[in-house]
Amino acid sequence: MTGRRHSFPEIPTLLVALLLAGPVLAGLAGTVLPAFGYLPVLGYDRISLEPFRELLAAPGLARSALLSFGTGLVASLLSLAIVLVFAAGWAGTATFQRLSRFLSPLLSVPHAAAAIGLAFLIAPSGFLVRALSPWATGWTRPPDLLILNDPLGLSLTFGLVAKEVPFLFLMTLAALSRPHIRDFYRAGASLGYGRMATFFKIVLPQIYPLIRLPVLAVIAYATSVVDVAVILGPTTPAPLAPRLVGWMSDPDLSRRLTASAGALLQLGVTSAALLVYLILERLALSGLRGRLASGHRHRHDGAARHAGLALMVAVITVMMLSLLLLGLWSMARSWWFPALLPQRWDLMRLADTFTMGAPALWATLALAVTTAGLATALTLWLLDARSHNNRPSGRRLKALVFLPLLLPQIGFLFGLQMLFLLAGMSGSFPAVLLAQLVFVFPYAVLSLSDSWARLDPRYTKAAASIGASRARIFWQVRLPLLLRPVLTTLAVAAAVSVGQYLPTLMIGAGRIVTVTTESVALASGGNRPVAALYALLQLLIPLTGFVLAALIPAVLYRNRAAMRLERG
Amino acid sequence: MQACDARTGLVLENVAIRLGGRLLLQVDCRIDAGSVLTIMGESGSGKSSLLDFIAGFLRPDFQASGRVHLKGRDLTDLPAQERHVGLMFQTPLLFPHMSVLQNLLFAIPPGIRQRSLRRDMAEQALADVGLAGFANRDPATLSGGQQTRVALMRTLLADPHALLLDEPFSSLDRTRRADIRAQVFEAARRKSLPVLLVTHDEEDAEAAGGEVFRLDQA
């Protein structure tokens with residue numbers, strides 16, 4: 001599959017550009033034209049501003065846009081702050097390592113599953129209220145409080161934080177594992193600088209370029225999220241993105257034009273949030289720069305360090321509890337308020353729902369395996385071609401790869417859906433595959449390129465000097481040495497594929513149904529056990545993937561001590 | 001405790017470092033202000049972990065016993081930040097996001113508040129090692145020897161009470177090496193700091209001119 005056609009090194013780069021830019025640009029065009037009233041298939045063939053007029057006439061539109069902007073930006077900033085303060089206070093300590101082990105698996109939890117679990121935790125009839133009722137609160141029935149779907153979007157913000165913290169943390173962790181970072185910590189300490197001051201003044205300026213794109217991606221995602229917003233977000237009115245999806249599936253086809261105009265507004269909202277972040281970044285940078293020369297050591301940072309630790313532990317605890325609740329609810333038959341645990345269990349229904357969910361599970365698995373395989377193979381091909389041409393994986397490549405993650409998905413998925421409809425491919429497996437690949441591929445590159453770059457180049461030089469061909473070097477030296485990171489990349493890609501809600505929903509057109517689209521649909525229904533089970537099914541594939549990624553190298557290289565030290 | 005009456009020196013009292021129960025090294029010695037002790041050993045003999053122990057960076061998988069006193073103060077249980085021990089690494093480790101001048105300003109204690117005074121100190125330090133006019137350079141554009149000299153001044157500007165050298169000359173080419181080495185020892189003598197040098201290079205040990213302790217028994 002990969003590494004075979006070595007003679008044309010430009011091919012993978014071109015292919016990647018085409019794969020990423022193609023659907024994005026085509027999709028954007030397919031969104032812009034209907035937004036200005038041009039959609040010949042439905043008989044609209046005159047450019048007009050009518051869709052925008054309709055959009056602006058929609059009740060509560062400004063509030064929806066503001067909600068998207070506010071919840072997304074605040075959630076991203078909070079997540080980044082928690083991650084940085086925690087990393088500043090604890091990087092390199094045993095506590096840090098122990099918590100890292102919790103955070104990596106949490107990354108693979110799909111957004112929708114995490115949101116459903118969180119809803120079970122914080123709802124008025126949820127676990128937290130139960131734990132305090134009736135002995136502390138006096139409530140014998142669920143209180144009439146709007147905790148979930150609160151009009152300010154607090155629970156939505158919180159849900160996004162819980163999910164983005166593990167992501168940003170792992171990005172920071174990868175950046176911290178760069179050579180010499182440890183030494184810079186010692187250099188800072190031997191000059192008398194406190195741990196946090198060393199992080200913010202010496203380490204962060206060096207690693208920030210590596211976490212910047214992920215932060216921007218988080219902002220773009222959080223300001224345009226649909227699945228988490230449907231489950232946890234406000235409803236009167238909802239944030240912008242879920243409202244647009246609603247219009248897009250409205251039986252009144254003219255609403256599609258309004259939705260397309262809305263998608264452009266969404267593009268504006270996300271850009272505004274990104275812009276505000278870039279300004280804040282500037283301010284923080286110049287503020288920091290002014291402080292570098294002052295020589296203040298900030299040795300007594302114990303309080304801030306422990307605050308960072310407490311926040312991180314809180315996020316992990318909430319996520320763990322949420323997942324645990326998914327398990328409990330999926331097996332509960334009756335669980336009346338305010339009982340802390342279910343009164344009666346029912347494993348039969350679990351088995352029934354499992355059988356019912358089997359087709360969705362198979363579709364999810366098929367998509368996950370194919371997208372992960374394709375994305376990883378393409379990444380390997382790209383990296384191999386670039387190393388062969390002595391082009392280190394440059395910033396420009398990363399920016400290109402990140403492009404789809406810096407746009408709100410909705411901005412080009414609408415148009416893409418329209419194009420697939422025209423091509424008669426809507427709802428087909430290859431169409432959904434392609435749409436998912438656009439979002440999965442960036443994560444594959446992100447996951448693999450650092451390990452690839454870190455591989456000691458002398459191994460390939462040694463192999464080449466004994467006369468090994470490029471293909472042999474790839475298959476027999478590079479790939480086996482990188483087995484662990486390659487498998488991890490496959491698992492990451494599969495997890496990202498499983499988590500894709502909007503691409504599957506829009507391009508699948510109801511004919512391709514995955515456990516993720518099902519569980520979001522079920523979450524708003526009243527049947528908690530079934531919703532919980534589908535959310536658990538979402539976890540099944542990523543979890544299996546990561547277990548395999550850990551087990552296979554351990555078994556294959558059980559007699560190779562040096563390979564055990566290689567970390568993915 | 002009887003050995004630490006030295007009010008100025010660095011005292012290693014029955015220091016032993018083990019890794020997984022295996023004894024790496026054992027030292028019991030005293031370095032007077034302005035003099036140099038050289039510890040020689042092949043790589044893997046644990047000489048860097050001794051510096052880590054003194055500076056407060058020993059990794060948790062090592063076990064250490066014994067006490068470290070500096071200027072009559074027991075350092076053993078203090079965090080690295082509080083020890084006032086200057087450490088020069090195998091690589092200069094100039095902070096790549098700062099200019100040469102900023103690297104030096106970064107080290108000057110905050111008690112010196114006046115901006116112009118801080119700047120003068122940094123410029124003077126550069127002039128002392130023959131690098132006047134390098135203040136606004138990007139550290140990455142300096143040669144290895146120049147970087148090492150900036151790193152030396154950065155370490156000294158932080159006003160340490162002792163200087164630990166972890167083979168800081170090993171990355172330099174032979175011709176510059178003797179010169180820079182002499183500058184380091186001269187600077188330490190002027191500030192009358194106790195210096196502990198670890199190296200596997202005989203020339204370094206000779207040039208240091210002090211007592212030499214060999215870790216060959218392992």
# chains A, B, ... in the order shown; residues from 1 in each chain; ligands from 1
>>> interface_residues(of="chain A", to="chain B", cutoff="7 Å", atoms="only C-alpha atoms", output="PyMOL selection string")
chain A and resi 184+189-194+202+205-206+292-296+299
>>> residues_around(residues="Leu80 in chain A", least_positions_apart="2", cutoff="12 Å", atoms="only C-alpha atoms", output="VMD selection string")
chain A and resid 73 to 78 82 to 88 160 to 172 208 211 to 212 214 to 216 218 to 219 277 281 308 311 to 312
>>> write_last_selection(atoms="N, CA and C atoms", output="CSV table (one decimal), in the first residue's frame")
chain,number,residue,atom,x,y,z
A,73,LEU,N,-15.0,30.0,23.1
A,73,LEU,CA,-13.8,30.7,23.5
A,73,LEU,C,-13.4,30.5,24.9
A,74,VAL,N,-14.4,30.6,25.8
A,74,VAL,CA,-14.2,30.5,27.2
A,74,VAL,C,-13.7,29.0,27.5
A,75,ALA,N,-14.4,28.1,26.9
A,75,ALA,CA,-14.0,26.7,27.1
A,75,ALA,C,-12.6,26.4,26.7
A,76,SER,N,-12.2,27.0,25.5
A,76,SER,CA,-10.8,26.8,25.0
A,76,SER,C,-9.8,27.4,26.0
A,77,LEU,N,-10.1,28.7,26.4
A,77,LEU,CA,-9.1,29.4,27.2
A,77,LEU,C,-9.0,28.7,28.6
A,78,LEU,N,-10.1,28.2,29.1
A,78,LEU,CA,-10.1,27.5,30.4
A,78,LEU,C,-9.3,26.2,30.3
A,82,ILE,N,-5.9,25.5,32.4
A,82,ILE,CA,-5.8,24.3,33.3
A,82,ILE,C,-4.6,23.5,32.9
A,83,VAL,N,-4.4,23.2,31.6
A,83,VAL,CA,-3.3,22.4,31.2
A,83,VAL,C,-2.0,23.0,31.5
A,84,LEU,N,-1.9,24.3,31.2
A,84,LEU,CA,-0.6,25.0,31.4
A,84,LEU,C,-0.2,25.1,32.8
A,85,VAL,N,-1.2,25.5,33.6
A,85,VAL,CA,-0.9,25.7,35.1
A,85,VAL,C,-0.5,24.4,35.7
A,86,PHE,N,-1.2,23.3,35.3
A,86,PHE,CA,-0.8,22.0,35.8
A,86,PHE,C,0.6,21.6,35.3
A,87,ALA,N,0.8,21.7,34.0
A,87,ALA,CA,2.1,21.3,33.5
A,87,ALA,C,3.2,22.2,34.1
A,88,ALA,N,3.0,23.4,34.3
A,88,ALA,CA,4.0,24.3,34.9
A,88,ALA,C,4.3,23.9,36.3
A,160,LEU,N,-17.2,20.9,27.3
A,160,LEU,CA,-16.1,21.1,26.3
A,160,LEU,C,-14.7,21.1,27.1
A,161,VAL,N,-14.7,21.7,28.2
A,161,VAL,CA,-13.4,21.7,29.0
A,161,VAL,C,-13.0,20.3,29.3
A,162,ALA,N,-14.0,19.5,29.8
A,162,ALA,CA,-13.6,18.2,30.2
A,162,ALA,C,-13.0,17.4,29.1
A,163,LYS,N,-13.5,17.7,27.9
A,163,LYS,CA,-13.0,16.9,26.7
A,163,LYS,C,-11.8,17.5,26.1
A,164,GLU,N,-11.6,18.8,26.2
A,164,GLU,CA,-10.4,19.4,25.5
A,164,GLU,C,-9.2,19.4,26.4
A,165,VAL,N,-9.4,19.3,27.7
A,165,VAL,CA,-8.2,19.3,28.6
A,165,VAL,C,-7.3,18.1,28.2
A,166,PRO,N,-7.9,16.9,28.1
A,166,PRO,CA,-7.0,15.7,27.8
A,166,PRO,C,-6.3,16.0,26.4
A,167,PHE,N,-7.0,16.5,25.5
A,167,PHE,CA,-6.3,16.8,24.2
A,167,PHE,C,-5.2,17.7,24.3
A,168,LEU,N,-5.4,18.9,24.9
A,168,LEU,CA,-4.4,19.9,25.0
A,168,LEU,C,-3.2,19.4,25.9
A,169,PHE,N,-3.6,18.6,26.9
A,169,PHE,CA,-2.6,18.1,27.7
A,169,PHE,C,-1.6,17.1,27.0
A,170,LEU,N,-2.2,16.3,26.2
A,170,LEU,CA,-1.3,15.3,25.4
A,170,LEU,C,-0.5,16.1,24.4
A,171,MET,N,-1.0,17.1,23.8
A,171,MET,CA,-0.2,17.9,22.9
A,171,MET,C,1.0,18.6,23.7
A,172,THR,N,0.7,19.1,24.9
A,172,THR,CA,1.7,19.7,25.7
A,172,THR,C,2.8,18.6,26.1
A,208,TYR,N,5.7,26.5,22.9
A,208,TYR,CA,4.4,27.0,22.5
A,208,TYR,C,4.1,26.9,21.0
A,211,ILE,N,2.2,23.8,20.4
A,211,ILE,CA,0.8,23.6,20.8
A,211,ILE,C,-0.2,24.6,20.3
A,212,ARG,N,0.4,25.6,19.5
A,212,ARG,CA,-0.4,26.7,19.0
A,212,ARG,C,-1.5,26.2,18.1
A,214,PRO,N,-2.8,23.2,17.7
A,214,PRO,CA,-3.9,22.4,18.4
A,214,PRO,C,-4.8,23.4,19.2
A,215,VAL,N,-4.3,24.4,19.8
A,215,VAL,CA,-5.2,25.3,20.5
A,215,VAL,C,-6.2,26.0,19.6
A,216,LEU,N,-5.7,26.4,18.4
A,216,LEU,CA,-6.6,27.1,17.4
A,216,LEU,C,-7.6,26.1,16.9
A,218,VAL,N,-8.8,23.6,18.7
A,218,VAL,CA,-9.8,23.5,19.7
A,218,VAL,C,-10.8,24.6,19.7
A,219,ILE,N,-10.3,25.9,19.5
A,219,ILE,CA,-11.2,27.0,19.4
A,219,ILE,C,-12.2,26.8,18.2
A,277,TYR,N,-8.5,35.3,20.2
A,277,TYR,CA,-7.4,34.5,20.8
A,277,TYR,C,-6.0,35.0,20.4
A,281,GLU,N,-3.1,36.3,22.8
A,281,GLU,CA,-1.8,35.7,22.7
A,281,GLU,C,-0.7,36.7,22.6
A,308,GLY,N,-3.4,24.3,40.4
A,308,GLY,CA,-3.4,23.6,39.1
A,308,GLY,C,-3.6,22.1,39.3
A,311,LEU,N,-7.4,21.5,40.0
A,311,LEU,CA,-8.2,21.6,38.8
A,311,LEU,C,-8.1,20.4,37.9
A,312,MET,N,-6.9,19.9,37.7
A,312,MET,CA,-6.7,18.8,36.8
A,312,MET,C,-7.3,17.5,37.4
>>> residues_around(residues="range 243-254 of chain A", least_positions_apart="4", cutoff="10 Å", atoms="only C-alpha atoms", output="PDB file with C-alpha atoms, in the first residue's frame")
ATOM      1  CA  PRO A  34     -26.694  28.617  -1.792  1.00  0.00           C
ATOM      2  CA  GLY A  37     -29.591  32.141  -3.186  1.00  0.00           C
ATOM      3  CA  LEU A  39     -29.141  26.364  -5.765  1.00  0.00           C
ATOM      4  CA  LEU A  42     -34.070  23.235  -5.999  1.00  0.00           C
ATOM      5  CA  GLY A  43     -34.998  25.791  -8.633  1.00  0.00           C
ATOM      6  CA  TYR A  44     -33.157  28.729  -7.115  1.00  0.00           C
ATOM      7  CA  PRO A  51     -31.150  33.788   2.534  1.00  0.00           C
ATOM      8  CA  LEU A  55     -31.266  34.272   8.561  1.00  0.00           C
ATOM      9  CA  LEU A  61     -30.010  34.652  16.144  1.00  0.00           C
ATOM     10  CA  SER A  64     -27.163  31.941  19.273  1.00  0.00           C
ATOM     11  CA  VAL A 226     -22.887  20.262  17.369  1.00  0.00           C
ATOM     12  CA  ALA A 229     -24.195  21.326  22.210  1.00  0.00           C
ATOM     13  CA  VAL A 230     -27.208  19.151  21.426  1.00  0.00           C
ATOM     14  CA  THR A 235     -32.089  25.171  23.741  1.00  0.00           C
ATOM     15  CA  PRO A 237     -32.160  29.455  21.686  1.00  0.00           C
ATOM     16  CA  ALA A 238     -29.518  26.830  20.943  1.00  0.00           C
ATOM     17  CA  PRO A 239     -25.983  27.847  19.908  1.00  0.00           C
ATOM     18  CA  THR A 258     -30.898  29.980   5.221  1.00  0.00           C
ATOM     19  CA  ALA A 259     -28.723  27.259   6.731  1.00  0.00           C
ATOM     20  CA  SER A 260     -25.991  27.935   4.162  1.00  0.00           C
ATOM     21  CA  ALA A 261     -26.093  31.643   4.944  1.00  0.00           C
ATOM     22  CA  GLY A 262     -25.896  30.639   8.610  1.00  0.00           C
ATOM     23  CA  ALA A 263     -22.851  28.513   7.871  1.00  0.00           C
ATOM     24  CA  GLN A 266     -20.635  30.470  11.714  1.00  0.00           C
ATOM     25  CA  ILE A 410     -20.294  23.023   9.324  1.00  0.00           C
ATOM     26  CA  PHE A 414     -23.145  21.688   4.024  1.00  0.00           C
ATOM     27  CA  LEU A 502     -21.366  15.923  12.006  1.00  0.00           C
ATOM     28  CA  LEU A 505     -24.702  12.784  10.033  1.00  0.00           C
ATOM     29  CA  MET A 506     -24.519  15.196   7.106  1.00  0.00           C
ATOM     30  CA  ALA A 509     -27.830  11.289   5.167  1.00  0.00           C
TER      31      ALA A 509
END
>>> residues_around(residues="range 24-30 of chain B", least_positions_apart="3", cutoff="9 Å", atoms="only C-alpha atoms", output="PDB file with C-alpha atoms, in the first residue's frame")
ATOM      1  CA  ALA B   3      33.737  19.123  58.983  1.00  0.00           C
ATOM      2  CA  CYS B   4      31.364  21.958  58.240  1.00  0.00           C
ATOM      3  CA  ALA B   6      34.334  25.883  56.938  1.00  0.00           C
ATOM      4  CA  GLY B   9      33.580  25.973  51.302  1.00  0.00           C
ATOM      5  CA  LEU B  10      31.513  23.158  49.856  1.00  0.00           C
ATOM      6  CA  VAL B  11      31.487  20.078  52.066  1.00  0.00           C
ATOM      7  CA  LEU B  12      30.361  16.631  50.930  1.00  0.00           C
ATOM      8  CA  GLU B  13      29.898  14.568  54.041  1.00  0.00           C
ATOM      9  CA  ASN B  14      29.818  10.794  53.504  1.00  0.00           C
ATOM     10  CA  VAL B  15      27.915  11.144  50.265  1.00  0.00           C
ATOM     11  CA  ALA B  16      27.021   7.844  48.607  1.00  0.00           C
ATOM     12  CA  ILE B  17      24.823   7.396  45.555  1.00  0.00           C
ATOM     13  CA  ARG B  18      23.205   4.124  44.614  1.00  0.00           C
ATOM     14  CA  LEU B  19      21.157   2.987  41.672  1.00  0.00           C
ATOM     15  CA  LEU B  37      38.151  19.539  43.066  1.00  0.00           C
ATOM     16  CA  GLY B  44      28.229   5.776  33.511  1.00  0.00           C
ATOM     17  CA  SER B  45      30.325   6.019  36.665  1.00  0.00           C
ATOM     18  CA  GLY B  46      27.691   8.213  38.267  1.00  0.00           C
ATOM     19  CA  LYS B  47      29.688  11.428  38.288  1.00  0.00           C
ATOM     20  CA  LEU B  50      26.748  13.460  42.056  1.00  0.00           C
ATOM     21  CA  GLY B  66      25.078  11.825  53.211  1.00  0.00           C
ATOM     22  CA  PHE B 213      39.445  12.200  42.824  1.00  0.00           C
ATOM     23  CA  LEU B 215      36.111   6.916  40.425  1.00  0.00           C
ATOM     24  CA  GLN B 217      37.211   1.467  41.888  1.00  0.00           C
ATOM     25  CA  ALA B 218      33.780   0.553  40.461  1.00  0.00           C
TER      26      ALA B 218
END
>>> select_by_dssp(residues="range 5-217 of chain B", states="alpha helix (DSSP H)", output="PyMOL selection string")
chain B and resi 47-55+100-107+115-128+144-157+174-190+202-208
>>> atom_distance(atom1="CA of Glu167 in chain B", atom2="CA of Val198 in chain B")
5.9 Å
>>> residues_around(residues="Phe199 in chain A", least_positions_apart="5", cutoff="8 Å", atoms="only C-alpha atoms", output="list in words")
Ala88, Gly89, Tyr185 and Leu204 of chain A
>>> residues_around(residues="Phe169 in chain B", least_positions_apart="2", cutoff="8 Å", atoms="only C-alpha atoms", output="list in words")
Gln90, Glu167, Ser171, Leu172, Arg177, Ile180 and Arg181 of chain B
>>> atom_distance(atom1="CA of Gly233 in chain A", atom2="CA of Leu152 in chain A")
8.5 Å
>>> atom_distance(atom1="CA of Trp90 in chain A", atom2="CA of Ala197 in chain A")
12.0 Å
>>> residues_around(residues="range 121-134 of chain A", least_positions_apart="3", cutoff="9 Å", atoms="only C-alpha atoms", output="ChimeraX atom specification")
/A:116-118,137-148,155,318,321-322,325,337-341
>>> select_by_dssp(residues="range 102-212 of chain B", states="strand (DSSP E)", output="PyMOL selection string")
chain B and resi 162-166+195-199+211-212
>>> closest_residue(among="A:Asp150, A:Asp384, A:Glu50, A:Asp450", to="Leu173 in chain A", atoms="only C-alpha atoms")
A:Asp450
>>> closest_residue(among="B:Gly34, B:Ala140, B:Leu78, B:Met40", to="Ala187 in chain B", atoms="only C-alpha atoms")
B:Gly34
